[in-house]
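As stored in query_16.cif (mmCIF, N, CA and C atoms):
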data_start
loop_
_atom_site.label_atom_id
_atom_site.label_comp_id
_atom_site.auth_asym_id
_atom_site.auth_seq_id
_atom_site.Cartn_x
_atom_site.Cartn_y
_atom_site.Cartn_z
N MET P 1 26.45 26.71 7.46
CA MET P 1 27.05 26.02 8.57
C MET P 1 26.59 24.57 8.61
N VAL P 2 27.38 23.74 9.21
CA VAL P 2 27.05 22.32 9.33
C VAL P 2 25.80 22.13 10.18
N MET P 3 25.71 22.88 11.25
CA MET P 3 24.56 22.75 12.16
C MET P 3 23.26 23.13 11.44
N ASP P 4 23.28 24.15 10.63
CA ASP P 4 22.08 24.56 9.88
C ASP P 4 21.62 23.44 8.95
N LYS P 5 22.56 22.80 8.26
CA LYS P 5 22.20 21.69 7.37
C LYS P 5 21.62 20.53 8.16
N TYR P 6 22.20 20.26 9.30
CA TYR P 6 21.71 19.18 10.15
C TYR P 6 20.29 19.47 10.63
N ILE P 7 20.06 20.68 11.09
CA ILE P 7 18.73 21.07 11.57
C ILE P 7 17.72 21.04 10.43
N GLU P 8 18.10 21.52 9.27
CA GLU P 8 17.20 21.50 8.12
C GLU P 8 16.84 20.06 7.74
N SER P 9 17.79 19.15 7.82
CA SER P 9 17.50 17.75 7.49
C SER P 9 16.52 17.16 8.49
N ILE P 10 16.63 17.53 9.76
CA ILE P 10 15.68 17.06 10.77
C ILE P 10 14.27 17.56 10.45
N PHE P 11 14.15 18.84 10.12
CA PHE P 11 12.83 19.39 9.80
C PHE P 11 12.27 18.79 8.52
N GLU P 12 13.11 18.51 7.55
CA GLU P 12 12.64 17.89 6.32
C GLU P 12 12.11 16.49 6.60
N LYS P 13 12.79 15.73 7.42
CA LYS P 13 12.31 14.39 7.77
C LYS P 13 10.98 14.48 8.51
N LYS P 14 10.84 15.48 9.35
CA LYS P 14 9.59 15.69 10.08
C LYS P 14 8.46 16.00 9.09
N ARG P 15 8.73 16.86 8.11
CA ARG P 15 7.72 17.19 7.10
C ARG P 15 7.32 15.94 6.30
N GLN P 16 8.30 15.13 5.95
CA GLN P 16 8.02 13.90 5.19
C GLN P 16 7.14 12.95 6.01
N ARG P 17 7.47 12.82 7.27
CA ARG P 17 6.70 11.92 8.14
C ARG P 17 5.26 12.42 8.27
N ARG P 18 5.09 13.72 8.41
CA ARG P 18 3.72 14.27 8.51
C ARG P 18 2.93 14.02 7.23
N ARG P 19 3.58 14.14 6.09
CA ARG P 19 2.90 13.86 4.82
C ARG P 19 2.47 12.40 4.75
N GLN P 20 3.34 11.50 5.20
CA GLN P 20 3.00 10.07 5.21
C GLN P 20 1.82 9.80 6.13
N LEU P 21 1.84 10.39 7.32
CA LEU P 21 0.75 10.18 8.27
C LEU P 21 -0.56 10.76 7.75
N ALA P 22 -0.49 11.87 7.04
CA ALA P 22 -1.71 12.50 6.51
C ALA P 22 -2.41 11.60 5.50
N LYS P 23 -1.67 10.75 4.84
CA LYS P 23 -2.23 9.87 3.81
C LYS P 23 -2.89 8.62 4.39
N LEU P 24 -2.63 8.33 5.66
CA LEU P 24 -3.18 7.12 6.26
C LEU P 24 -4.67 7.26 6.51
N PRO P 25 -5.40 6.14 6.45
CA PRO P 25 -6.82 6.19 6.81
C PRO P 25 -6.98 6.48 8.30
N PHE P 26 -8.11 7.06 8.66
CA PHE P 26 -8.37 7.45 10.04
C PHE P 26 -8.20 6.28 11.02
N GLU P 27 -8.69 5.10 10.64
CA GLU P 27 -8.60 3.93 11.51
C GLU P 27 -7.15 3.58 11.84
N ARG P 28 -6.29 3.70 10.85
CA ARG P 28 -4.87 3.38 11.07
C ARG P 28 -4.24 4.41 12.02
N LYS P 29 -4.64 5.67 11.89
CA LYS P 29 -4.13 6.71 12.79
C LYS P 29 -4.52 6.41 14.23
N ILE P 30 -5.76 5.97 14.43
CA ILE P 30 -6.22 5.61 15.77
C ILE P 30 -5.42 4.43 16.31
N GLU P 31 -5.14 3.45 15.48
CA GLU P 31 -4.34 2.30 15.90
C GLU P 31 -2.95 2.75 16.37
N ILE P 32 -2.36 3.68 15.67
CA ILE P 32 -1.04 4.20 16.04
C ILE P 32 -1.12 4.91 17.39
N ILE P 33 -2.16 5.72 17.58
CA ILE P 33 -2.33 6.45 18.84
C ILE P 33 -2.48 5.48 20.01
N VAL P 34 -3.31 4.45 19.82
CA VAL P 34 -3.53 3.48 20.90
C VAL P 34 -2.23 2.73 21.20
N LYS P 35 -1.49 2.38 20.18
CA LYS P 35 -0.22 1.69 20.40
C LYS P 35 0.74 2.57 21.22
N MET P 36 0.78 3.85 20.89
CA MET P 36 1.63 4.77 21.65
C MET P 36 1.13 4.92 23.09
N GLN P 37 -0.19 4.99 23.27
CA GLN P 37 -0.75 5.11 24.61
C GLN P 37 -0.40 3.89 25.46
N ARG P 38 -0.45 2.72 24.86
CA ARG P 38 -0.12 1.49 25.60
C ARG P 38 1.35 1.48 25.99
N ALA P 39 2.20 1.94 25.11
CA ALA P 39 3.63 2.00 25.42
C ALA P 39 3.88 2.96 26.59
N VAL P 40 3.21 4.10 26.57
CA VAL P 40 3.36 5.08 27.65
C VAL P 40 2.79 4.52 28.95
N ALA P 41 1.66 3.81 28.87
CA ALA P 41 1.04 3.24 30.06
C ALA P 41 1.99 2.24 30.72
N GLU P 42 2.74 1.50 29.92
CA GLU P 42 3.72 0.56 30.48
C GLU P 42 4.81 1.30 31.23
N ILE P 43 5.20 2.42 30.70
CA ILE P 43 6.26 3.22 31.34
C ILE P 43 5.72 3.87 32.61
N LYS P 44 4.49 4.34 32.56
CA LYS P 44 3.88 5.06 33.68
C LYS P 44 2.84 4.19 34.37
N LYS P 45 3.23 3.05 34.85
CA LYS P 45 2.31 2.10 35.49
C LYS P 45 1.52 2.75 36.63
N GLU P 46 2.12 3.66 37.33
CA GLU P 46 1.49 4.23 38.50
C GLU P 46 0.54 5.38 38.16
N SER P 47 0.48 5.74 36.91
CA SER P 47 -0.37 6.85 36.49
C SER P 47 -1.83 6.43 36.47
N LYS P 48 -2.72 7.39 36.68
CA LYS P 48 -4.15 7.11 36.55
C LYS P 48 -4.58 7.11 35.09
N TYR P 49 -3.68 7.51 34.21
CA TYR P 49 -3.94 7.53 32.77
C TYR P 49 -4.11 6.11 32.24
N LYS P 50 -5.14 5.86 31.47
CA LYS P 50 -5.38 4.55 30.89
C LYS P 50 -5.55 4.68 29.38
N PRO P 51 -4.96 3.79 28.59
CA PRO P 51 -5.14 3.86 27.13
C PRO P 51 -6.56 3.50 26.74
N TRP P 52 -6.96 3.91 25.57
CA TRP P 52 -8.28 3.61 25.06
C TRP P 52 -8.40 2.10 24.83
N PRO P 53 -9.45 1.50 25.25
CA PRO P 53 -9.64 0.06 24.95
C PRO P 53 -10.12 -0.10 23.50
N LEU P 54 -9.59 -1.06 22.82
CA LEU P 54 -10.05 -1.36 21.45
C LEU P 54 -10.42 -2.83 21.35
#
What is this structure when it is put down as structure tokens?
Amino acid sequence: MVMDKYIESIFEKKRQRRRQLAKLPFERKIEIIVKMQRAVAEIKKESKYKPWPL
């Protein structure tokens, strides 16, 4: 089915992305996490959640 192929392609892209992330050095992974935290903090200004300071 078309839907099965579409879903499989999504999962394959997810697997590829995980492989790429696994190859990154630990420091780069932390930088990505902090960048995501800052983006979320901007969206949730009223939250008590604060991103890690670097």
Inset, instruction - Enumerate the residues of chain P with a DSSP assignment of helix (DSSP H, G or I), computed from the backbone, and present them as JSON, numbers by chain. - result: {"P": [2, 3, 4, 5, 6, 7, 8, 9, 10, 11, 12, 13, 14, 15, 16, 17, 18, 19, 20, 21, 22, 23, 26, 27, 28, 29, 30, 31, 32, 33, 34, 35, 36, 37, 38, 39, 40, 41, 42, 43]}
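Between atom CA of P:Ile32 and atom C of P:Lys14 lies a distance of 16.7 Å.
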Legend entry - Computed interatomic separation between atom CA of P:Ala22 and atom CA of P:Glu42 (Å): 27.3 Å
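Across the structure, atom C of P:Ile30 and atom N of P:Pro53 are spaced 10.2 Å apart.
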